[in-house]
>>> print(open('upload-v9.cif').read())   # mmCIF, C-alpha atoms and all ligand atoms
data_query
#
loop_
_atom_site.group_PDB
_atom_site.id
_atom_site.type_symbol
_atom_site.label_atom_id
_atom_site.label_comp_id
_atom_site.auth_asym_id
_atom_site.auth_seq_id
_atom_site.Cartn_x
_atom_site.Cartn_y
_atom_site.Cartn_z
ATOM 1 C CA MET A 28 123.947 106.511 92.902
ATOM 2 C CA THR A 29 122.362 107.733 89.670
ATOM 3 C CA LEU A 30 120.751 111.146 89.712
ATOM 4 C CA THR A 31 118.760 112.077 86.647
ATOM 5 C CA ALA A 32 118.116 115.694 85.780
ATOM 6 C CA ASN A 33 114.363 115.249 85.925
ATOM 7 C CA ALA A 34 112.551 114.855 89.187
ATOM 8 C CA LEU A 35 110.893 111.508 89.840
ATOM 9 C CA LEU A 36 108.475 113.285 92.145
ATOM 10 C CA ASP A 37 107.493 116.889 91.642
ATOM 11 C CA VAL A 38 104.942 118.353 94.052
ATOM 12 C CA ARG A 39 103.809 121.829 93.056
ATOM 13 C CA GLN A 40 102.031 124.005 95.553
ATOM 14 C CA ALA A 41 99.870 121.228 96.937
ATOM 15 C CA SER A 42 97.286 122.105 99.563
ATOM 16 C CA ARG A 43 94.725 120.041 101.408
ATOM 17 C CA HIS A 44 91.944 121.306 103.614
ATOM 18 C CA PHE A 45 89.585 119.273 105.765
ATOM 19 C CA GLY A 46 86.686 121.619 106.349
ATOM 20 C CA GLY A 47 88.306 124.492 108.199
ATOM 21 C CA ILE A 48 91.517 122.599 108.952
ATOM 22 C CA ARG A 49 94.365 123.531 106.639
ATOM 23 C CA ALA A 50 96.374 120.329 106.903
ATOM 24 C CA LEU A 51 98.746 121.356 104.093
ATOM 25 C CA THR A 52 99.290 124.734 102.452
ATOM 26 C CA ASP A 53 101.292 125.348 99.274
ATOM 27 C CA VAL A 54 103.740 122.499 99.663
ATOM 28 C CA SER A 55 106.304 122.077 96.880
ATOM 29 C CA MET A 56 108.998 119.421 96.818
ATOM 30 C CA ARG A 57 111.090 117.430 94.383
ATOM 31 C CA LEU A 58 112.796 114.071 94.623
ATOM 32 C CA ARG A 59 115.284 112.748 92.113
ATOM 33 C CA THR A 60 115.858 109.093 91.332
ATOM 34 C CA GLY A 61 118.049 107.534 93.986
ATOM 35 C CA GLU A 62 117.566 110.225 96.616
ATOM 36 C CA LEU A 63 116.835 109.378 100.227
ATOM 37 C CA VAL A 64 114.969 112.349 101.624
ATOM 38 C CA GLY A 65 113.641 112.951 105.121
ATOM 39 C CA LEU A 66 110.314 114.541 105.998
ATOM 40 C CA ILE A 67 110.167 115.823 109.543
ATOM 41 C CA GLY A 68 108.058 118.140 111.648
ATOM 42 C CA PRO A 69 106.165 118.284 114.942
ATOM 43 C CA ASN A 70 102.998 116.245 115.576
ATOM 44 C CA GLY A 71 100.147 117.322 113.349
ATOM 45 C CA ALA A 72 102.486 119.105 110.907
ATOM 46 C CA GLY A 73 100.882 117.368 107.924
ATOM 47 C CA LYS A 74 103.483 114.673 107.147
ATOM 48 C CA THR A 75 101.050 111.764 106.875
ATOM 49 C CA THR A 76 98.581 113.962 104.986
ATOM 50 C CA LEU A 77 101.267 114.598 102.380
ATOM 51 C CA PHE A 78 101.775 110.829 102.029
ATOM 52 C CA ASN A 79 98.005 110.483 101.657
ATOM 53 C CA LEU A 80 98.062 112.976 98.786
ATOM 54 C CA LEU A 81 101.047 111.288 97.155
ATOM 55 C CA THR A 82 99.366 107.868 97.270
ATOM 56 C CA GLY A 83 95.834 108.888 96.281
ATOM 57 C CA VAL A 84 94.173 108.396 99.662
ATOM 58 C CA TYR A 85 93.155 112.052 99.394
ATOM 59 C CA GLU A 86 92.984 114.354 96.438
ATOM 60 C CA PRO A 87 94.845 117.665 96.757
ATOM 61 C CA SER A 88 92.474 120.607 97.299
ATOM 62 C CA GLU A 89 94.880 122.613 95.152
ATOM 63 C CA GLY A 90 98.151 121.996 93.372
ATOM 64 C CA THR A 91 99.731 119.310 91.241
ATOM 65 C CA ILE A 92 101.544 116.063 91.978
ATOM 66 C CA ILE A 93 103.734 114.731 89.190
ATOM 67 C CA LEU A 94 105.163 111.246 89.459
ATOM 68 C CA ASN A 95 107.582 110.121 86.773
ATOM 69 C CA GLY A 96 106.394 112.862 84.429
ATOM 70 C CA GLU A 97 102.684 112.197 84.882
ATOM 71 C CA SER A 98 100.127 114.098 86.936
ATOM 72 C CA VAL A 99 98.694 111.675 89.514
ATOM 73 C CA GLY A 100 96.608 114.022 91.678
ATOM 74 C CA GLY A 101 93.108 112.559 91.920
ATOM 75 C CA MET A 102 94.112 109.052 90.840
ATOM 76 C CA LYS A 103 93.009 106.109 93.003
ATOM 77 C CA PRO A 104 95.566 104.492 95.337
ATOM 78 C CA TYR A 105 95.899 101.314 93.216
ATOM 79 C CA GLN A 106 96.487 103.431 90.106
ATOM 80 C CA ILE A 107 99.243 105.433 91.767
ATOM 81 C CA ASN A 108 100.706 102.186 93.081
ATOM 82 C CA HIS A 109 100.868 100.946 89.482
ATOM 83 C CA LYS A 110 102.523 104.214 88.466
ATOM 84 C CA GLY A 111 105.335 103.453 90.885
ATOM 85 C CA ALA A 112 104.631 104.803 94.379
ATOM 86 C CA ALA A 113 104.359 102.407 97.328
ATOM 87 C CA ARG A 114 104.101 103.161 101.023
ATOM 88 C CA THR A 115 104.018 101.866 104.547
ATOM 89 C CA PHE A 116 101.630 103.173 107.186
ATOM 90 C CA GLN A 117 102.187 104.903 110.501
ATOM 91 C CA ASN A 118 99.740 102.379 111.967
ATOM 92 C CA ILE A 119 100.854 99.076 110.487
ATOM 93 C CA ARG A 120 98.408 97.669 107.950
ATOM 94 C CA LEU A 121 99.065 94.034 107.159
ATOM 95 C CA PHE A 122 96.770 91.121 106.453
ATOM 96 C CA GLY A 123 97.218 89.770 109.981
ATOM 97 C CA ASN A 124 95.491 86.449 109.384
ATOM 98 C CA MET A 125 97.481 85.690 106.258
ATOM 99 C CA THR A 126 100.963 84.218 106.334
ATOM 100 C CA VAL A 127 104.042 86.384 106.132
ATOM 101 C CA ALA A 128 104.772 84.981 102.649
ATOM 102 C CA ASP A 129 101.244 85.594 101.376
ATOM 103 C CA ASN A 130 101.396 89.236 102.470
ATOM 104 C CA VAL A 131 104.284 89.711 100.052
ATOM 105 C CA LYS A 132 102.953 87.414 97.296
ATOM 106 C CA ILE A 133 99.738 89.374 97.104
ATOM 107 C CA ALA A 134 101.683 92.473 96.103
ATOM 108 C CA TYR A 135 103.563 90.562 93.368
ATOM 109 C CA ASN A 136 100.289 89.035 92.180
ATOM 110 C CA ARG A 137 98.814 92.421 91.448
ATOM 111 C CA HIS A 138 101.619 92.954 88.971
ATOM 112 C CA ALA A 139 101.647 89.455 87.486
ATOM 113 C CA LYS A 140 101.196 89.302 83.752
ATOM 114 C CA TYR A 141 99.314 86.037 83.227
ATOM 115 C CA SER A 142 95.716 86.169 82.009
ATOM 116 C CA VAL A 143 92.550 85.494 83.977
ATOM 117 C CA TRP A 144 92.014 82.604 81.556
ATOM 118 C CA SER A 145 95.260 80.883 82.468
ATOM 119 C CA SER A 146 94.615 81.361 86.192
ATOM 120 C CA LEU A 147 91.038 80.031 85.969
ATOM 121 C CA PHE A 148 92.181 76.834 84.336
ATOM 122 C CA ARG A 149 95.490 76.709 86.159
ATOM 123 C CA LEU A 150 97.351 76.435 82.894
ATOM 124 C CA PRO A 151 101.121 75.867 82.898
ATOM 125 C CA SER A 152 101.736 79.573 82.325
ATOM 126 C CA PHE A 153 99.785 80.308 85.495
ATOM 127 C CA ARG A 154 101.661 77.696 87.534
ATOM 128 C CA ALA A 155 104.996 78.975 86.269
ATOM 129 C CA GLY A 156 103.898 82.462 87.261
ATOM 130 C CA GLU A 157 102.962 81.254 90.741
ATOM 131 C CA LYS A 158 106.344 79.600 91.172
ATOM 132 C CA GLU A 159 108.115 82.761 90.068
ATOM 133 C CA ILE A 160 106.102 84.824 92.533
ATOM 134 C CA ALA A 161 106.839 82.403 95.366
ATOM 135 C CA ASP A 162 110.562 82.596 94.565
ATOM 136 C CA LYS A 163 110.540 86.386 94.372
ATOM 137 C CA ALA A 164 108.600 86.662 97.633
ATOM 138 C CA LEU A 165 111.070 84.375 99.380
ATOM 139 C CA ALA A 166 114.022 86.410 98.107
ATOM 140 C CA MET A 167 112.379 89.586 99.385
ATOM 141 C CA LEU A 168 111.657 88.007 102.777
ATOM 142 C CA LYS A 169 115.328 86.975 103.031
ATOM 143 C CA ILE A 170 116.414 90.573 102.566
ATOM 144 C CA PHE A 171 114.243 91.521 105.524
ATOM 145 C CA LYS A 172 115.271 88.461 107.590
ATOM 146 C CA LEU A 173 111.724 87.136 107.571
ATOM 147 C CA ASP A 174 112.219 84.007 105.461
ATOM 148 C CA GLU A 175 112.291 81.654 108.432
ATOM 149 C CA GLN A 176 108.938 83.003 109.591
ATOM 150 C CA ARG A 177 107.346 82.870 106.149
ATOM 151 C CA ASN A 178 104.626 80.411 107.184
ATOM 152 C CA GLU A 179 103.630 82.228 110.378
ATOM 153 C CA LEU A 180 100.615 84.502 110.469
ATOM 154 C CA ALA A 181 101.650 88.119 110.027
ATOM 155 C CA LYS A 182 99.939 89.110 113.280
ATOM 156 C CA ASN A 183 102.262 86.804 115.221
ATOM 157 C CA LEU A 184 105.416 88.624 114.157
ATOM 158 C CA SER A 185 107.132 90.973 116.574
ATOM 159 C CA TYR A 186 106.394 94.654 116.127
ATOM 160 C CA GLY A 187 109.711 95.173 114.377
ATOM 161 C CA GLY A 188 109.023 92.146 112.181
ATOM 162 C CA GLN A 189 105.656 93.537 111.139
ATOM 163 C CA ARG A 190 107.244 96.858 110.218
ATOM 164 C CA ARG A 191 109.869 95.082 108.100
ATOM 165 C CA LEU A 192 107.167 92.972 106.450
ATOM 166 C CA GLU A 193 105.268 96.095 105.475
ATOM 167 C CA ILE A 194 108.364 97.442 103.725
ATOM 168 C CA ALA A 195 108.930 94.091 101.990
ATOM 169 C CA ARG A 196 105.344 94.154 100.758
ATOM 170 C CA ALA A 197 105.675 97.728 99.521
ATOM 171 C CA LEU A 198 108.841 96.777 97.590
ATOM 172 C CA ALA A 199 107.091 93.795 96.009
ATOM 173 C CA ALA A 200 104.967 96.306 94.095
ATOM 174 C CA GLN A 201 108.259 97.282 92.386
ATOM 175 C CA PRO A 202 107.961 100.985 93.125
ATOM 176 C CA LYS A 203 110.198 103.785 91.954
ATOM 177 C CA LEU A 204 109.219 105.853 94.952
ATOM 178 C CA LEU A 205 108.991 104.345 98.438
ATOM 179 C CA LEU A 206 107.210 106.298 101.162
ATOM 180 C CA LEU A 207 107.960 105.218 104.725
ATOM 181 C CA ASP A 208 105.774 106.657 107.498
ATOM 182 C CA GLU A 209 107.733 106.276 110.747
ATOM 183 C CA PRO A 210 109.071 102.818 109.909
ATOM 184 C CA ALA A 211 111.091 102.598 113.124
ATOM 185 C CA ALA A 212 108.225 103.509 115.469
ATOM 186 C CA GLY A 213 108.063 100.976 118.291
ATOM 187 C CA MET A 214 111.444 99.445 117.473
ATOM 188 C CA ASN A 215 114.283 99.226 119.964
ATOM 189 C CA PRO A 216 117.540 101.120 119.218
ATOM 190 C CA GLN A 217 119.290 98.032 117.831
ATOM 191 C CA GLU A 218 116.391 97.198 115.485
ATOM 192 C CA THR A 219 116.212 100.842 114.449
ATOM 193 C CA ARG A 220 119.902 100.969 113.522
ATOM 194 C CA GLU A 221 119.579 97.770 111.500
ATOM 195 C CA LEU A 222 116.488 99.098 109.760
ATOM 196 C CA MET A 223 118.180 102.338 108.739
ATOM 197 C CA ASN A 224 121.134 100.422 107.274
ATOM 198 C CA LEU A 225 118.656 98.239 105.429
ATOM 199 C CA ILE A 226 116.789 101.260 104.053
ATOM 200 C CA ARG A 227 120.041 102.677 102.723
ATOM 201 C CA TRP A 228 120.954 99.353 101.160
ATOM 202 C CA VAL A 229 117.511 98.917 99.613
ATOM 203 C CA ARG A 230 117.722 102.370 98.058
ATOM 204 C CA GLU A 231 120.966 101.412 96.269
ATOM 205 C CA GLU A 232 119.907 97.892 95.366
ATOM 206 C CA PHE A 233 116.505 98.809 93.923
ATOM 207 C CA GLN A 234 117.541 102.271 92.593
ATOM 208 C CA LEU A 235 114.717 103.875 94.518
ATOM 209 C CA SER A 236 113.779 107.297 95.684
ATOM 210 C CA ILE A 237 112.736 107.171 99.308
ATOM 211 C CA LEU A 238 110.819 109.709 101.357
ATOM 212 C CA LEU A 239 111.162 108.926 105.037
ATOM 213 C CA ILE A 240 109.040 110.319 107.864
ATOM 214 C CA GLU A 241 110.846 109.826 111.140
ATOM 215 C CA HIS A 242 110.637 111.448 114.545
ATOM 216 C CA ASP A 243 114.132 110.605 115.764
ATOM 217 C CA MET A 244 116.168 113.592 114.555
ATOM 218 C CA SER A 245 119.612 112.051 114.897
ATOM 219 C CA LEU A 246 118.389 109.126 112.872
ATOM 220 C CA VAL A 247 117.004 111.224 110.008
ATOM 221 C CA MET A 248 120.102 113.383 110.007
ATOM 222 C CA GLY A 249 122.269 110.271 109.838
ATOM 223 C CA VAL A 250 120.690 108.622 106.807
ATOM 224 C CA CYS A 251 119.120 111.295 104.586
ATOM 225 C CA ASP A 252 120.688 113.257 101.714
ATOM 226 C CA ARG A 253 118.226 116.108 102.170
ATOM 227 C CA ILE A 254 115.444 116.961 104.568
ATOM 228 C CA TYR A 255 112.150 118.821 104.258
ATOM 229 C CA VAL A 256 110.604 120.283 107.391
ATOM 230 C CA LEU A 257 106.864 120.805 107.786
ATOM 231 C CA ASP A 258 105.229 122.825 110.531
ATOM 232 C CA GLN A 259 101.505 123.478 110.751
ATOM 233 C CA GLY A 260 100.991 122.377 107.177
ATOM 234 C CA LYS A 261 103.708 124.559 105.658
ATOM 235 C CA LEU A 262 107.239 123.780 104.554
ATOM 236 C CA ILE A 263 109.511 125.852 106.761
ATOM 237 C CA ALA A 264 112.888 124.501 105.656
ATOM 238 C CA GLU A 265 114.658 122.317 103.122
ATOM 239 C CA GLY A 266 118.303 121.381 102.905
ATOM 240 C CA THR A 267 121.098 119.098 103.961
ATOM 241 C CA PRO A 268 120.999 117.686 107.494
ATOM 242 C CA ASP A 269 123.517 120.323 108.612
ATOM 243 C CA GLU A 270 121.542 123.184 107.089
ATOM 244 C CA VAL A 271 118.308 121.981 108.629
ATOM 245 C CA ARG A 272 119.838 121.320 112.036
ATOM 246 C CA SER A 273 121.042 124.903 112.366
ATOM 247 C CA ASN A 274 117.930 126.544 110.844
ATOM 248 C CA PRO A 275 116.363 128.919 113.420
ATOM 249 C CA ARG A 276 112.811 128.242 112.186
ATOM 250 C CA VAL A 277 113.300 124.523 112.630
ATOM 251 C CA ILE A 278 114.741 124.955 116.104
ATOM 252 C CA GLN A 279 111.811 127.218 116.969
ATOM 253 C CA ALA A 280 109.233 124.707 115.668
ATOM 254 C CA TYR A 281 110.708 121.920 117.757
ATOM 255 C CA LEU A 282 111.192 124.064 120.863
ATOM 256 C CA GLY A 283 107.580 125.163 120.514
ATOM 257 C CA GLN A 284 106.536 121.537 120.597
ATOM 258 C CA GLU A 285 108.469 120.847 123.786
ATOM 259 C CA ALA A 286 107.147 123.922 125.587
HETATM 260 N N1 LIG A 301 90.859 113.001 107.358
HETATM 261 C C1 LIG A 301 91.082 114.096 108.107
HETATM 262 N N2 LIG A 301 90.067 114.837 108.544
HETATM 263 C C2 LIG A 301 90.282 115.944 109.294
HETATM 264 N N3 LIG A 301 91.491 116.370 109.673
HETATM 265 C C3 LIG A 301 92.545 115.644 109.283
HETATM 266 C C4 LIG A 301 92.412 114.482 108.481
HETATM 267 N N4 LIG A 301 93.656 113.978 108.236
HETATM 268 C C5 LIG A 301 94.520 114.799 108.864
HETATM 269 N N5 LIG A 301 93.858 115.798 109.488
HETATM 270 C C6 LIG A 301 94.465 116.903 110.253
HETATM 271 O O1 LIG A 301 95.540 117.407 109.513
HETATM 272 C C7 LIG A 301 96.611 117.786 110.371
HETATM 273 C C8 LIG A 301 97.870 117.081 109.970
HETATM 274 O O2 LIG A 301 97.779 115.718 110.350
HETATM 275 P P1 LIG A 301 98.856 114.626 109.930
HETATM 276 O O3 LIG A 301 98.367 113.308 110.406
HETATM 277 O O4 LIG A 301 99.169 114.758 108.515
HETATM 278 O O5 LIG A 301 100.121 115.076 110.792
HETATM 279 P P2 LIG A 301 101.524 114.362 111.009
HETATM 280 O O6 LIG A 301 102.576 115.357 110.708
HETATM 281 O O7 LIG A 301 101.556 113.070 110.301
HETATM 282 O O8 LIG A 301 101.511 114.119 112.596
HETATM 283 P P3 LIG A 301 102.126 112.927 113.487
HETATM 284 O O9 LIG A 301 103.578 113.237 113.669
HETATM 285 O O10 LIG A 301 101.394 113.025 114.756
HETATM 286 O O11 LIG A 301 101.879 111.645 112.773
HETATM 287 C C9 LIG A 301 96.145 117.489 111.782
HETATM 288 O O12 LIG A 301 95.594 118.654 112.332
HETATM 289 C C10 LIG A 301 95.086 116.439 111.567
HETATM 290 O O13 LIG A 301 94.149 116.426 112.601
HETATM 291 MG MG MG A 302 101.749 111.111 110.825
#
>>> encode(input="upload-v9.cif", output="structure tokens")
Amino acid sequence: MTLTANALLDVRQASRHFGGIRALTDVSMRLRTGELVGLIGPNGAGKTTLFNLLTGVYEPSEGTIILNGESVGGMKPYQINHKGAARTFQNIRLFGNMTVADNVKIAYNRHAKYSVWSSLFRLPSFRAGEKEIADKALAMLKIFKLDEQRNELAKNLSYGGQRRLEIARALAAQPKLLLLDEPAAGMNPQETRELMNLIRWVREEFQLSILLIEHDMSLVMGVCDRIYVLDQGKLIAEGTPDEVRSNPRVIQAYLGQEA
């Protein structure tokens, strides 16, 4: 794994309010290239809100978000996607009535280099581009064991299949930073184990930084290099799985949730 000195993602004192609700307060975090980092915390802690700030769904009320050396706070989601951050959603968002293959091709298409001119007239350069995209999409679907279902409608995939397809689509945007919002939600234990192995493999293969929101503690502890813990919009801990597991504030936050 390559770790560069500079952070790929550098969040500096980011806050987000919704009216009177302080969803995030003064959150700072850094991810280096190649790191697989967990983001955990009780329900409503602000995990998804942080993803929404990182991907341009919401603008930070305060603070700075630097991706690959460039401030991206306030950019539109497609702009941040082009800058190298791609995500999946807690509630799966696929094009259900499109085929599995087309869901991935559409993400490659956004990055295709051929001109509008060549696509309008279906020039050879356009057709070659289309073939390349189809090949790349198929290779990606193979990685996620979805190639045999490539011509099915996305909505007809199993829940686990839809979650894997969302990750495949996110990767087709060729991100440097992959944000996964509870990718194993709704999966059975076997599927979950396979997915976590796949996430680790993908991180190595694509030289990615990954930020992973996941509720299953043993799972996060098992796969992540480091973990950030949010509670009520504030970071309460950061460290290795062992450090976080034994942190009294973390234990308190989770006990509080159970009570
Ligand atoms: N668009 C919004 N408008 C108002 N409040 C919001 C909005 N988005 C998030 N919030 C609030 O911000 C807080 C954090 O929510 P968020 O969804 O980020 O939590 P979470 O950690 O992802 O929780 P969960 O584990 O349940 O997914 C909650 O109180 C939520 O109601
Ligand atoms: Mg959430």
>>> axis_aligned_box(input="upload-v9.cif", around="ligand LIG 301 (chain A)", padding_each_side="8 Å", output="AutoDock Vina command-line options")
--center_x 96.8 --center_y 115.1 --center_z 111.1 --size_x 29.5 --size_y 23.0 --size_z 23.4
>>> residues_near_ligand(input="upload-v9.cif", ligand="ligand MG 302 (chain A)", cutoff="12 Å", atoms="all atoms listed in the file", output="number ranges by chain")
A: 50, 66-79, 115-118, 207-210, 212, 239-242, 257, 260
>>> resolve_selection(input="upload-v9.cif", expression="the PyMOL selection byres (((chain A and resi 199) around 7) and not hetatm)", output="PDB file with C-alpha atoms, in the coordinates of the input")
ATOM      1  CA  VAL A 131     104.284  89.711 100.052  1.00  0.00           C
ATOM      2  CA  ALA A 134     101.683  92.473  96.103  1.00  0.00           C
ATOM      3  CA  TYR A 135     103.563  90.562  93.368  1.00  0.00           C
ATOM      4  CA  ALA A 195     108.930  94.091 101.990  1.00  0.00           C
ATOM      5  CA  ARG A 196     105.344  94.154 100.758  1.00  0.00           C
ATOM      6  CA  ALA A 197     105.675  97.728  99.521  1.00  0.00           C
ATOM      7  CA  LEU A 198     108.841  96.777  97.590  1.00  0.00           C
ATOM      8  CA  ALA A 200     104.967  96.306  94.095  1.00  0.00           C
ATOM      9  CA  GLN A 201     108.259  97.282  92.386  1.00  0.00           C
TER      10      GLN A 201
END
>>> closest_residue(input="upload-v9.cif", among="A:Arg220, A:Arg59, A:Lys132, A:Lys103", to="Asp37 of chain A", atoms="all atoms listed in the file")
A:Arg59
>>> closest_residue(input="upload-v9.cif", among="A:Leu184, A:Ala112, A:Met214, A:Val84", to="ligand LIG 301 (chain A)", atoms="only C-alpha atoms and all ligand atoms")
A:Val84
>>> resolve_selection(input="upload-v9.cif", expression="the PyMOL selection byres (((chain A and resi 276-284) around 8) and not hetatm)", output="list in words")
Gly68, Pro69, Val256, Asp258, Ile263, Ala264, Val271, Arg272, Ser273, Asn274, Pro275, Glu285 and Ala286 of chain A
>>> resolve_selection(input="upload-v9.cif", expression="the PyMOL selection byres (((chain A and resi 34) around 8) and not hetatm)", output="MDAnalysis selection string")
chainID A and resid 31:33 35:37 57:60 95
>>> atom_distance(input="upload-v9.cif", atom1="atom CA of Asp243 of chain A", atom2="atom CA of Leu81 of chain A")
22.8 Å
>>> atom_distance(input="upload-v9.cif", atom1="atom CA of Cys251 of chain A", atom2="atom CA of Ile226 of chain A")
10.3 Å
>>> atom_distance(input="upload-v9.cif", atom1="atom CA of Val250 of chain A", atom2="atom CA of Pro268 of chain A")
9.1 Å
>>> closest_residue(input="upload-v9.cif", among="A:Lys169, A:Glu175, A:Asn136, A:Gly90", to="Gly156 of chain A", atoms="all atoms listed in the file")
A:Asn136
>>> closest_residue(input="upload-v9.cif", among="A:Met167, A:Leu262, A:Val127, A:Val229", to="ligand LIG 301 (chain A)", atoms="all atoms listed in the file")
A:Leu262
>>> residues_around(input="upload-v9.cif", residues="Gly187 of chain A", least_positions_apart="3", cutoff="12 Å", atoms="all atoms listed in the file", output="ChimeraX atom specification")
/A:119,171-173,181-184,190-194,209-222
>>> residues_around(input="upload-v9.cif", residues="Pro202 of chain A", least_positions_apart="6", cutoff="9 Å", atoms="only C-alpha atoms", output="count of residues only")
9
>>> build_atoms(input="upload-v9.cif", residues="segment 93-100 of chain A", atoms="all heavy atoms", output="PDB file, keeping the file's coordinate frame")
ATOM      1  N   ILE A  93     103.242 115.388  90.397  1.00  0.00           N
ATOM      2  CA  ILE A  93     103.734 114.731  89.190  1.00  0.00           C
ATOM      3  C   ILE A  93     104.695 113.620  89.596  1.00  0.00           C
ATOM      4  O   ILE A  93     105.683 113.850  90.303  1.00  0.00           O
ATOM      5  CB  ILE A  93     104.431 115.749  88.267  1.00  0.00           C
ATOM      6  CG1 ILE A  93     103.379 116.762  87.792  1.00  0.00           C
ATOM      7  CG2 ILE A  93     105.068 115.055  87.064  1.00  0.00           C
ATOM      8  CD1 ILE A  93     103.950 117.981  87.144  1.00  0.00           C
ATOM      9  N   LEU A  94     104.334 112.410  89.176  1.00  0.00           N
ATOM     10  CA  LEU A  94     105.163 111.246  89.459  1.00  0.00           C
ATOM     11  C   LEU A  94     105.671 110.710  88.126  1.00  0.00           C
ATOM     12  O   LEU A  94     104.858 110.369  87.256  1.00  0.00           O
ATOM     13  CB  LEU A  94     104.335 110.178  90.188  1.00  0.00           C
ATOM     14  CG  LEU A  94     105.046 108.864  90.511  1.00  0.00           C
ATOM     15  CD1 LEU A  94     106.164 109.074  91.520  1.00  0.00           C
ATOM     16  CD2 LEU A  94     104.046 107.834  91.051  1.00  0.00           C
ATOM     17  N   ASN A  95     107.007 110.682  87.988  1.00  0.00           N
ATOM     18  CA  ASN A  95     107.582 110.121  86.773  1.00  0.00           C
ATOM     19  C   ASN A  95     107.007 110.791  85.516  1.00  0.00           C
ATOM     20  O   ASN A  95     106.658 110.131  84.544  1.00  0.00           O
ATOM     21  CB  ASN A  95     107.286 108.616  86.757  1.00  0.00           C
ATOM     22  CG  ASN A  95     108.399 107.843  86.074  1.00  0.00           C
ATOM     23  OD1 ASN A  95     109.462 108.388  85.806  1.00  0.00           O
ATOM     24  ND2 ASN A  95     108.128 106.589  85.777  1.00  0.00           N
ATOM     25  N   GLY A  96     106.835 112.100  85.592  1.00  0.00           N
ATOM     26  CA  GLY A  96     106.394 112.862  84.429  1.00  0.00           C
ATOM     27  C   GLY A  96     104.891 112.910  84.203  1.00  0.00           C
ATOM     28  O   GLY A  96     104.430 113.518  83.240  1.00  0.00           O
ATOM     29  N   GLU A  97     104.130 112.288  85.097  1.00  0.00           N
ATOM     30  CA  GLU A  97     102.684 112.197  84.882  1.00  0.00           C
ATOM     31  C   GLU A  97     101.932 112.751  86.099  1.00  0.00           C
ATOM     32  O   GLU A  97     102.291 112.440  87.243  1.00  0.00           O
ATOM     33  CB  GLU A  97     102.317 110.728  84.679  1.00  0.00           C
ATOM     34  CG  GLU A  97     100.908 110.513  84.230  1.00  0.00           C
ATOM     35  CD  GLU A  97     100.665 109.034  83.891  1.00  0.00           C
ATOM     36  OE1 GLU A  97     101.627 108.238  83.936  1.00  0.00           O
ATOM     37  OE2 GLU A  97      99.524 108.695  83.602  1.00  0.00           O
ATOM     38  N   SER A  98     100.900 113.547  85.833  1.00  0.00           N
ATOM     39  CA  SER A  98     100.127 114.098  86.936  1.00  0.00           C
ATOM     40  C   SER A  98      99.265 113.007  87.556  1.00  0.00           C
ATOM     41  O   SER A  98      98.491 112.354  86.867  1.00  0.00           O
ATOM     42  CB  SER A  98      99.242 115.236  86.415  1.00  0.00           C
ATOM     43  OG  SER A  98      98.415 115.690  87.465  1.00  0.00           O
ATOM     44  N   VAL A  99      99.417 112.779  88.861  1.00  0.00           N
ATOM     45  CA  VAL A  99      98.694 111.675  89.514  1.00  0.00           C
ATOM     46  C   VAL A  99      97.668 112.164  90.534  1.00  0.00           C
ATOM     47  O   VAL A  99      96.975 111.351  91.152  1.00  0.00           O
ATOM     48  CB  VAL A  99      99.658 110.671  90.200  1.00  0.00           C
ATOM     49  CG1 VAL A  99     100.540 109.990  89.164  1.00  0.00           C
ATOM     50  CG2 VAL A  99     100.505 111.349  91.270  1.00  0.00           C
ATOM     51  N   GLY A 100      97.584 113.484  90.729  1.00  0.00           N
ATOM     52  CA  GLY A 100      96.608 114.022  91.678  1.00  0.00           C
ATOM     53  C   GLY A 100      95.204 113.588  91.281  1.00  0.00           C
ATOM     54  O   GLY A 100      94.825 113.771  90.128  1.00  0.00           O
TER      55      GLY A 100
END
